[in-house]
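The structure under discussion appears below in the form of structure tokens.
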Protein chains: 2
Amino acid sequence: MDANNKFALGVDIGGTKVAAGLVDPKGTILFQTRVPMPARGTASDGFAAVQSAIEAVFAAHADARANLAGIGICAPGPLDPKTGVILNPPNIPCWRNFPLAAEVQRVFGLRARVDNDGNAAALAEAIWGAGVGHKNVFYATLGTGIGTGIVFDGQIYHGRTGSAAEGGHVSIDYHGPVCGCGKRGCIEALAAGPAIARRAREHIAGADRTSTKILALAGGNLDAITAETVAEAYRHGDPLAAAVLEETADLLAFWAGNIIDLLEPDIFIFGGGLAPLMSGFFARIREQLTTCCVNQRFDEIPIVLAKYGADAGIAGAAALCRP
Amino acid sequence: MDANNKFALGVDIGGTKVAAGLVDPKGTILFQTRVPMPARGTASDGFAAVQSAIEAVFAAHADARANLAGIGICAPGPLDPKTGVILNPPNIPCWRNFPLAAEVQRVFGLRARVDNDGNAAALAEAIWGAGVGHKNVFYATLGTGIGTGIVFDGQIYHGRTGSAAEGGHVSIDYHGPVCGCGKRGCIEALAAGPAIARRAREHIAGADRTSTKILALAGGNLDAITAETVAEAYRHGDPLAAAVLEETADLLAFWAGNIIDLLEPDIFIFGGGLAPLMSGFFARIREQLTTCCVNQRFDEIPIVLAKYGADAGIAGAAALCRP
């Protein structure tokens, strides 16, 4: 049977949890479960969590195993997608050069493939989600950080060693704020959740505190403001929150202009926790692009919301099992 | 006979000249000639110049025609590489939606292919030049502007409509100086020849005029300073010229960091008129990359000078005839 007609098991590993799910040939997640990830334990502790998440899927769907294309796993980088070795991810210290794909393959006797979150989610969108029918897909996840993935012709673009598509660290301001990565002005440092909160705090600290609901929503504590506080204030019609999110959209537009001028993708997909909020600003991003890309036909490139939300990791991991 | 074993005729069209040459299967330019380009004349005037340049090659090498893979043509964009139509290049106003490939094919009865300068030069480097043996080649030409080309697996990466690889307009400063394209902070606006001259002028205007040779080399006229003046002063050991070029290298490094984080190419090649000068700063670019890319293995990516200098256009155009 063609692997495209088989089910796949997707495992999404994060710093605090392992989620696993069963995905049908059309990309529908039929079942999912999660267990805690002891990321600061031993390498075996970490692997045991992965193993138990996978076993929980098989326990719920005993019949799935016989018709499975394989086990796909997404994890934070750096990792080597060719060999399936987890290298040295900062938020999963239990694994250093850990041969995750080989271990899963040994224990379960099924083909296993490992890739990073952004790449995997991009692939799921390309083959099952918002990117279906498009040859070159650029995917960005907006959340605590900004991750990206590039899919050409149904294949993840990996670059030389599998570390390409770090679009969140494409900088649009070489003397801008320092990013967690050490570079300056990365779009992640300007437009991800913590940057939205930071800019809101700066506006409030520098100006009038009374004309915005943001501070009250954070219990009067400037330091307690998060992107979610800004989002909530925006939903209540707060003008400062709207201004902060418009600024975020403008920064994303400038960055997207760079991506379009370099890659000219067929579609631009935004996923991640903040994407539904920012989708209210896609029209603004499109307008702003007029002045921030040289591409004369940028307006033919759709800018859309991802199909997969919180499930992007499981779907993405499962998509890795496609040939 | 395999097209890889045939000769190719390369035509390089610019705003003021048309150069044409005969290129052997190994990428050696055997003969070349040039004629003026009447870019402000009629569409037929422009085509007549191309035709006469091609005929001059055949006149010099009558035997070449029988063993020719085709005629490759590079021109400034925007153009459509799929159809070979020149769209609306600002510096070749004589052609608007002009079907250049079809016209050449009709007149000479040979397969013709059209692409933009950066893409074509990148291809020549990938198959015959500094990029031989590398799968993913990123090429940048440093001159009056900054053009780029991306080659994956021996094929030019075109993007959706052939307008990808506008790397010169990847911006690293969204509130930086306005570029000729209208965007702000494009690397072309910061590090190409005119920007080198501008930064030298700013340094001289703002500080001591006596400790540098740059002004004297420009006949004492601040406005007469060009990148070439800076280069000449640098060759004479001028410290301000060195500082301006170091600054240029740092800007290029920051930009290259973005490219590496997004594409992780196998090699980074610099060509164009200013590349030999800037090659003295490749070691500095490499050092700077430590703080301006997240890629942990960036130091394994060679940064090298292009093989083709002033001949990049002819070689690139000829390379387009490769299958």
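In the structure tokens, chains take letters A, B, ... by order of appearance, with residues numbered from 1 within each chain and ligands from 1 in the order shown.
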
(message) Would you mind listing, as number ranges by chain, all residues of chain A that have at least one atom within 10 Å of chain B, where only C-alpha atoms are what counts?
(response) A: 78, 134-136, 148-150, 152, 157-176, 181-186, 251, 254-255, 257-267, 289-298, 300-301

(message) Set the distance at 12 Å and use only C-alpha atoms: which residues neighbour A:Ala207 once local chain neighbours fewer than 6 positions away are removed? I'd like the list as a ChimeraX atom specification.
(response) /A:200-201,240

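With only C-alpha atoms as the atoms that count, the residue of A:Leu22, A:Ala102, A:Ala121, A:Leu79 with the shortest distance to A:Ala62 is A:Leu22.
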
(request) Identify, on the basis of only C-alpha atoms, every residue whose closest approach to A:Thr28 does not exceed 12 Å; exclude the query and any residue fewer than 6 positions from it along the same chain; express the result as a PyMOL selection string. (result) chain A and resi 7-10+21-22+124-125+127-129+307-308+311-312+314-316+318-319

(request) Would you list the contacts of A:Lys213 as a PyMOL selection string, taking every protein, DNA or RNA residue within 7 Å and counting only C-alpha atoms, but skipping same-chain residues closer than 3 positions in sequence? (result) chain A and resi 216-217+233+238

File dump, residues just selected, N, CA, C and O atoms, as a PDB file, in the first residue's frame:
ATOM      1  N   ALA A 216      -4.554  47.749  33.584  1.00  0.00           N
ATOM      2  CA  ALA A 216      -5.565  47.216  34.508  1.00  0.00           C
ATOM      3  C   ALA A 216      -5.727  45.708  34.327  1.00  0.00           C
ATOM      4  O   ALA A 216      -5.828  44.954  35.302  1.00  0.00           O
ATOM      5  N   LEU A 217      -5.714  45.275  33.038  1.00  0.00           N
ATOM      6  CA  LEU A 217      -5.862  43.835  32.768  1.00  0.00           C
ATOM      7  C   LEU A 217      -4.691  43.032  33.330  1.00  0.00           C
ATOM      8  O   LEU A 217      -4.803  41.827  33.566  1.00  0.00           O
ATOM      9  N   ALA A 233      -6.955  43.254  25.695  1.00  0.00           N
ATOM     10  CA  ALA A 233      -7.287  44.677  25.631  1.00  0.00           C
ATOM     11  C   ALA A 233      -7.755  45.040  24.218  1.00  0.00           C
ATOM     12  O   ALA A 233      -8.725  45.785  24.036  1.00  0.00           O
ATOM     13  N   ASP A 238      -9.323  48.469  22.934  1.00  0.00           N
ATOM     14  CA  ASP A 238      -8.311  49.374  23.483  1.00  0.00           C
ATOM     15  C   ASP A 238      -7.439  49.964  22.369  1.00  0.00           C
ATOM     16  O   ASP A 238      -6.814  49.226  21.600  1.00  0.00           O
TER      17      ASP A 238
END

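Relative to atom CA of A:Thr16, atom CA of A:Gln105 is found at 23.2 Å.
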
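With atom CA of B:Asn116 on one side and atom CA of B:Gly271 on the other, the separation reads 15.0 Å.
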
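Nearest-residue note for A:Ala192: choosing from A:Leu252, A:Ile204, A:Ala224, A:Ala218, the minimum distance belongs to A:Leu252, counting only C-alpha atoms.
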
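Shortest separation to A:Gln51 among A:Phe108, A:Phe268, A:Tyr234, A:Phe281 occurs at residue A:Phe108, atoms counted being only C-alpha atoms.
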
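DSSP, applied to the backbone of this structure, assigns strand (DSSP E) to the following residues of stretch 26-104 of chain B: B:Ile29, B:Leu30, B:Phe31, B:Gln32, B:Thr33, B:Arg34, B:Val35, B:Pro36, B:Leu68, B:Ala69, B:Gly70, B:Ile71, B:Gly72, B:Ile73, B:Cys74, B:Ala75, B:Leu79, B:Asp80, B:Val85, B:Ile86.
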
Got time to write the residues from that selection, all heavy atoms, as a compact mmCIF listing (two decimals), in the first residue's frame?
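Result went into part_34.txt, see below:
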# COMPACT_ATOMS: atom_id res chain seq x y z
N ILE B 29 35.73 31.42 -22.00
CA ILE B 29 35.25 32.36 -23.01
C ILE B 29 36.31 32.48 -24.10
O ILE B 29 37.43 32.92 -23.85
CB ILE B 29 34.96 33.74 -22.37
CG1 ILE B 29 33.86 33.59 -21.32
CG2 ILE B 29 34.55 34.76 -23.44
CD1 ILE B 29 33.65 34.80 -20.44
N LEU B 30 35.97 32.02 -25.31
CA LEU B 30 36.96 31.94 -26.39
C LEU B 30 37.08 33.25 -27.16
O LEU B 30 38.12 33.54 -27.73
CB LEU B 30 36.57 30.83 -27.36
CG LEU B 30 36.41 29.44 -26.72
CD1 LEU B 30 35.95 28.44 -27.77
CD2 LEU B 30 37.74 28.98 -26.10
N PHE B 31 35.99 33.98 -27.19
CA PHE B 31 35.96 35.20 -28.01
C PHE B 31 34.85 36.08 -27.47
O PHE B 31 33.82 35.59 -27.03
CB PHE B 31 35.65 34.83 -29.47
CG PHE B 31 35.32 36.01 -30.34
CD1 PHE B 31 36.33 36.79 -30.89
CD2 PHE B 31 33.99 36.38 -30.57
CE1 PHE B 31 36.02 37.90 -31.67
CE2 PHE B 31 33.69 37.48 -31.36
CZ PHE B 31 34.71 38.24 -31.91
N GLN B 32 35.07 37.38 -27.46
CA GLN B 32 33.96 38.24 -27.09
C GLN B 32 34.03 39.58 -27.79
O GLN B 32 35.09 40.00 -28.27
CB GLN B 32 33.87 38.44 -25.58
CG GLN B 32 35.06 39.09 -24.93
CD GLN B 32 34.77 39.30 -23.43
OE1 GLN B 32 33.91 40.10 -23.10
NE2 GLN B 32 35.47 38.58 -22.57
N THR B 33 32.87 40.20 -27.86
CA THR B 33 32.75 41.46 -28.57
C THR B 33 31.67 42.29 -27.90
O THR B 33 30.88 41.76 -27.14
CB THR B 33 32.39 41.19 -30.06
OG1 THR B 33 32.32 42.43 -30.74
CG2 THR B 33 31.04 40.50 -30.18
N ARG B 34 31.66 43.60 -28.16
CA ARG B 34 30.56 44.39 -27.61
C ARG B 34 30.13 45.50 -28.54
O ARG B 34 30.93 45.99 -29.34
CB ARG B 34 30.91 44.94 -26.22
CG ARG B 34 32.15 45.80 -26.15
CD ARG B 34 32.27 46.41 -24.76
NE ARG B 34 32.39 45.39 -23.71
CZ ARG B 34 32.11 45.61 -22.43
NH1 ARG B 34 31.66 46.79 -22.03
NH2 ARG B 34 32.27 44.65 -21.53
N VAL B 35 28.88 45.85 -28.45
CA VAL B 35 28.32 46.95 -29.25
C VAL B 35 27.51 47.84 -28.30
O VAL B 35 27.11 47.39 -27.24
CB VAL B 35 27.41 46.43 -30.39
CG1 VAL B 35 28.17 45.50 -31.32
CG2 VAL B 35 26.17 45.73 -29.83
N PRO B 36 27.29 49.10 -28.70
CA PRO B 36 26.48 49.97 -27.82
C PRO B 36 25.02 49.51 -27.78
O PRO B 36 24.52 48.95 -28.75
CB PRO B 36 26.56 51.35 -28.49
CG PRO B 36 27.68 51.26 -29.49
CD PRO B 36 27.77 49.83 -29.90
N LEU B 68 26.42 24.43 -31.54
CA LEU B 68 26.00 25.34 -30.48
C LEU B 68 24.78 24.80 -29.72
O LEU B 68 23.79 24.40 -30.33
CB LEU B 68 25.64 26.69 -31.11
CG LEU B 68 25.91 27.95 -30.30
CD1 LEU B 68 27.39 28.08 -29.94
CD2 LEU B 68 25.47 29.17 -31.09
N ALA B 69 24.87 24.80 -28.38
CA ALA B 69 23.73 24.36 -27.57
C ALA B 69 22.60 25.38 -27.64
O ALA B 69 21.43 25.03 -27.48
CB ALA B 69 24.16 24.15 -26.12
N GLY B 70 22.96 26.62 -27.87
CA GLY B 70 21.92 27.65 -27.95
C GLY B 70 22.49 29.02 -27.64
O GLY B 70 23.70 29.20 -27.53
N ILE B 71 21.59 29.98 -27.52
CA ILE B 71 21.97 31.35 -27.20
C ILE B 71 21.36 31.72 -25.85
O ILE B 71 20.14 31.65 -25.68
CB ILE B 71 21.48 32.34 -28.29
CG1 ILE B 71 22.13 31.98 -29.64
CG2 ILE B 71 21.79 33.78 -27.89
CD1 ILE B 71 21.67 32.84 -30.81
N GLY B 72 22.22 32.03 -24.91
CA GLY B 72 21.74 32.46 -23.60
C GLY B 72 21.87 33.97 -23.49
O GLY B 72 22.82 34.55 -24.02
N ILE B 73 20.93 34.58 -22.84
CA ILE B 73 20.92 36.05 -22.75
C ILE B 73 20.65 36.46 -21.32
O ILE B 73 19.70 35.99 -20.70
CB ILE B 73 19.81 36.63 -23.64
CG1 ILE B 73 19.95 36.12 -25.08
CG2 ILE B 73 19.81 38.16 -23.60
CD1 ILE B 73 18.70 36.29 -25.92
N CYS B 74 21.50 37.32 -20.77
CA CYS B 74 21.14 37.87 -19.46
C CYS B 74 20.91 39.37 -19.60
O CYS B 74 21.53 40.06 -20.40
CB CYS B 74 22.15 37.52 -18.39
SG CYS B 74 23.72 38.31 -18.51
N ALA B 75 19.95 39.83 -18.82
CA ALA B 75 19.51 41.23 -18.90
C ALA B 75 19.06 41.67 -17.52
O ALA B 75 18.82 40.84 -16.65
CB ALA B 75 18.37 41.34 -19.92
N LEU B 79 12.07 40.48 -15.68
CA LEU B 79 11.83 39.72 -16.90
C LEU B 79 11.22 38.40 -16.48
O LEU B 79 11.24 38.05 -15.31
CB LEU B 79 13.14 39.54 -17.67
CG LEU B 79 14.35 38.94 -16.92
CD1 LEU B 79 14.26 37.44 -16.79
CD2 LEU B 79 15.64 39.32 -17.63
N ASP B 80 10.68 37.70 -17.46
CA ASP B 80 10.09 36.40 -17.17
C ASP B 80 10.97 35.30 -17.75
O ASP B 80 11.00 35.10 -18.96
CB ASP B 80 8.67 36.33 -17.78
CG ASP B 80 7.97 35.03 -17.42
OD1 ASP B 80 8.66 34.03 -17.10
OD2 ASP B 80 6.73 35.00 -17.46
N VAL B 85 10.42 36.82 -21.87
CA VAL B 85 9.91 38.17 -22.16
C VAL B 85 10.55 39.18 -21.20
O VAL B 85 10.58 38.96 -19.99
CB VAL B 85 8.37 38.22 -22.02
CG1 VAL B 85 7.85 39.66 -22.09
CG2 VAL B 85 7.71 37.36 -23.10
N ILE B 86 11.07 40.28 -21.76
CA ILE B 86 11.59 41.38 -20.95
C ILE B 86 10.38 42.22 -20.54
O ILE B 86 9.65 42.70 -21.41
CB ILE B 86 12.58 42.24 -21.76
CG1 ILE B 86 13.73 41.39 -22.32
CG2 ILE B 86 13.09 43.42 -20.94
CD1 ILE B 86 14.69 40.85 -21.31

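Distance-wise, atom CA of B:Val230 and atom CA of B:Ala191 end up 12.9 Å apart.
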
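Residues within 8 Å of B:Ala249, counting only C-alpha atoms and excluding same-chain residues fewer than 6 positions away, are B:Met278, B:Phe281, B:Phe282, B:Arg284, B:Ile285.
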
Selected residues written out, N, CA and C atoms, as a PDB file, in the first residue's frame:
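Here's the written file part.pdb:
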ATOM      1  N   MET B 278      36.832  43.738  -1.793  1.00  0.00           N
ATOM      2  CA  MET B 278      36.228  43.254  -0.554  1.00  0.00           C
ATOM      3  C   MET B 278      36.761  41.881  -0.141  1.00  0.00           C
ATOM      4  N   PHE B 281      38.593  41.459   2.899  1.00  0.00           N
ATOM      5  CA  PHE B 281      37.839  41.537   4.155  1.00  0.00           C
ATOM      6  C   PHE B 281      37.001  40.284   4.410  1.00  0.00           C
ATOM      7  N   PHE B 282      37.207  39.234   3.604  1.00  0.00           N
ATOM      8  CA  PHE B 282      36.426  38.003   3.815  1.00  0.00           C
ATOM      9  C   PHE B 282      36.694  37.419   5.207  1.00  0.00           C
ATOM     10  N   ARG B 284      37.394  39.046   7.873  1.00  0.00           N
ATOM     11  CA  ARG B 284      36.627  39.852   8.816  1.00  0.00           C
ATOM     12  C   ARG B 284      35.137  39.491   8.779  1.00  0.00           C
ATOM     13  N   ILE B 285      34.613  39.293   7.583  1.00  0.00           N
ATOM     14  CA  ILE B 285      33.202  38.887   7.457  1.00  0.00           C
ATOM     15  C   ILE B 285      32.978  37.586   8.227  1.00  0.00           C
TER      16      ILE B 285
END

Env of A:Gly145: 7 Å cut, atoms = only C-alpha atoms, seq-sep filter 3 positions within chain, self excluded. Answer as an mmCIF file with N, CA and C atoms, in the first residue's frame.
data_model
loop_
_atom_site.group_PDB
_atom_site.id
_atom_site.type_symbol
_atom_site.label_atom_id
_atom_site.label_comp_id
_atom_site.auth_asym_id
_atom_site.auth_seq_id
_atom_site.Cartn_x
_atom_site.Cartn_y
_atom_site.Cartn_z
ATOM 1 N N LEU A 142 3.955 32.165 14.881
ATOM 2 C CA LEU A 142 4.074 33.326 15.763
ATOM 3 C C LEU A 142 3.659 32.915 17.164
ATOM 4 N N GLU A 188 12.037 37.828 15.573
ATOM 5 C CA GLU A 188 11.587 37.228 16.836
ATOM 6 C C GLU A 188 11.727 38.208 18.005
ATOM 7 N N ALA A 192 7.603 38.777 18.222
ATOM 8 C CA ALA A 192 7.033 37.605 18.903
ATOM 9 C C ALA A 192 6.330 38.070 20.178
ATOM 10 N N GLY A 193 5.683 37.141 20.884
ATOM 11 C CA GLY A 193 4.904 37.484 22.076
ATOM 12 C C GLY A 193 5.630 38.386 23.064
#

(message) Using DSSP assignments from the backbone, pull out every residue in stretch 20-260 of chain A that falls under helix (DSSP H, G or I) and give it to me as number ranges by chain.
(response) A: 43-60, 64-67, 100-108, 117-128, 167-169, 187-191, 193-206, 214-217, 222-224, 227-235, 239-260

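Distance annotation: of B:Pro302, B:Gly27, B:Gly180, B:Gly147, the residue with the minimal separation from B:Gly118 is B:Gly147; atom set is only C-alpha atoms.
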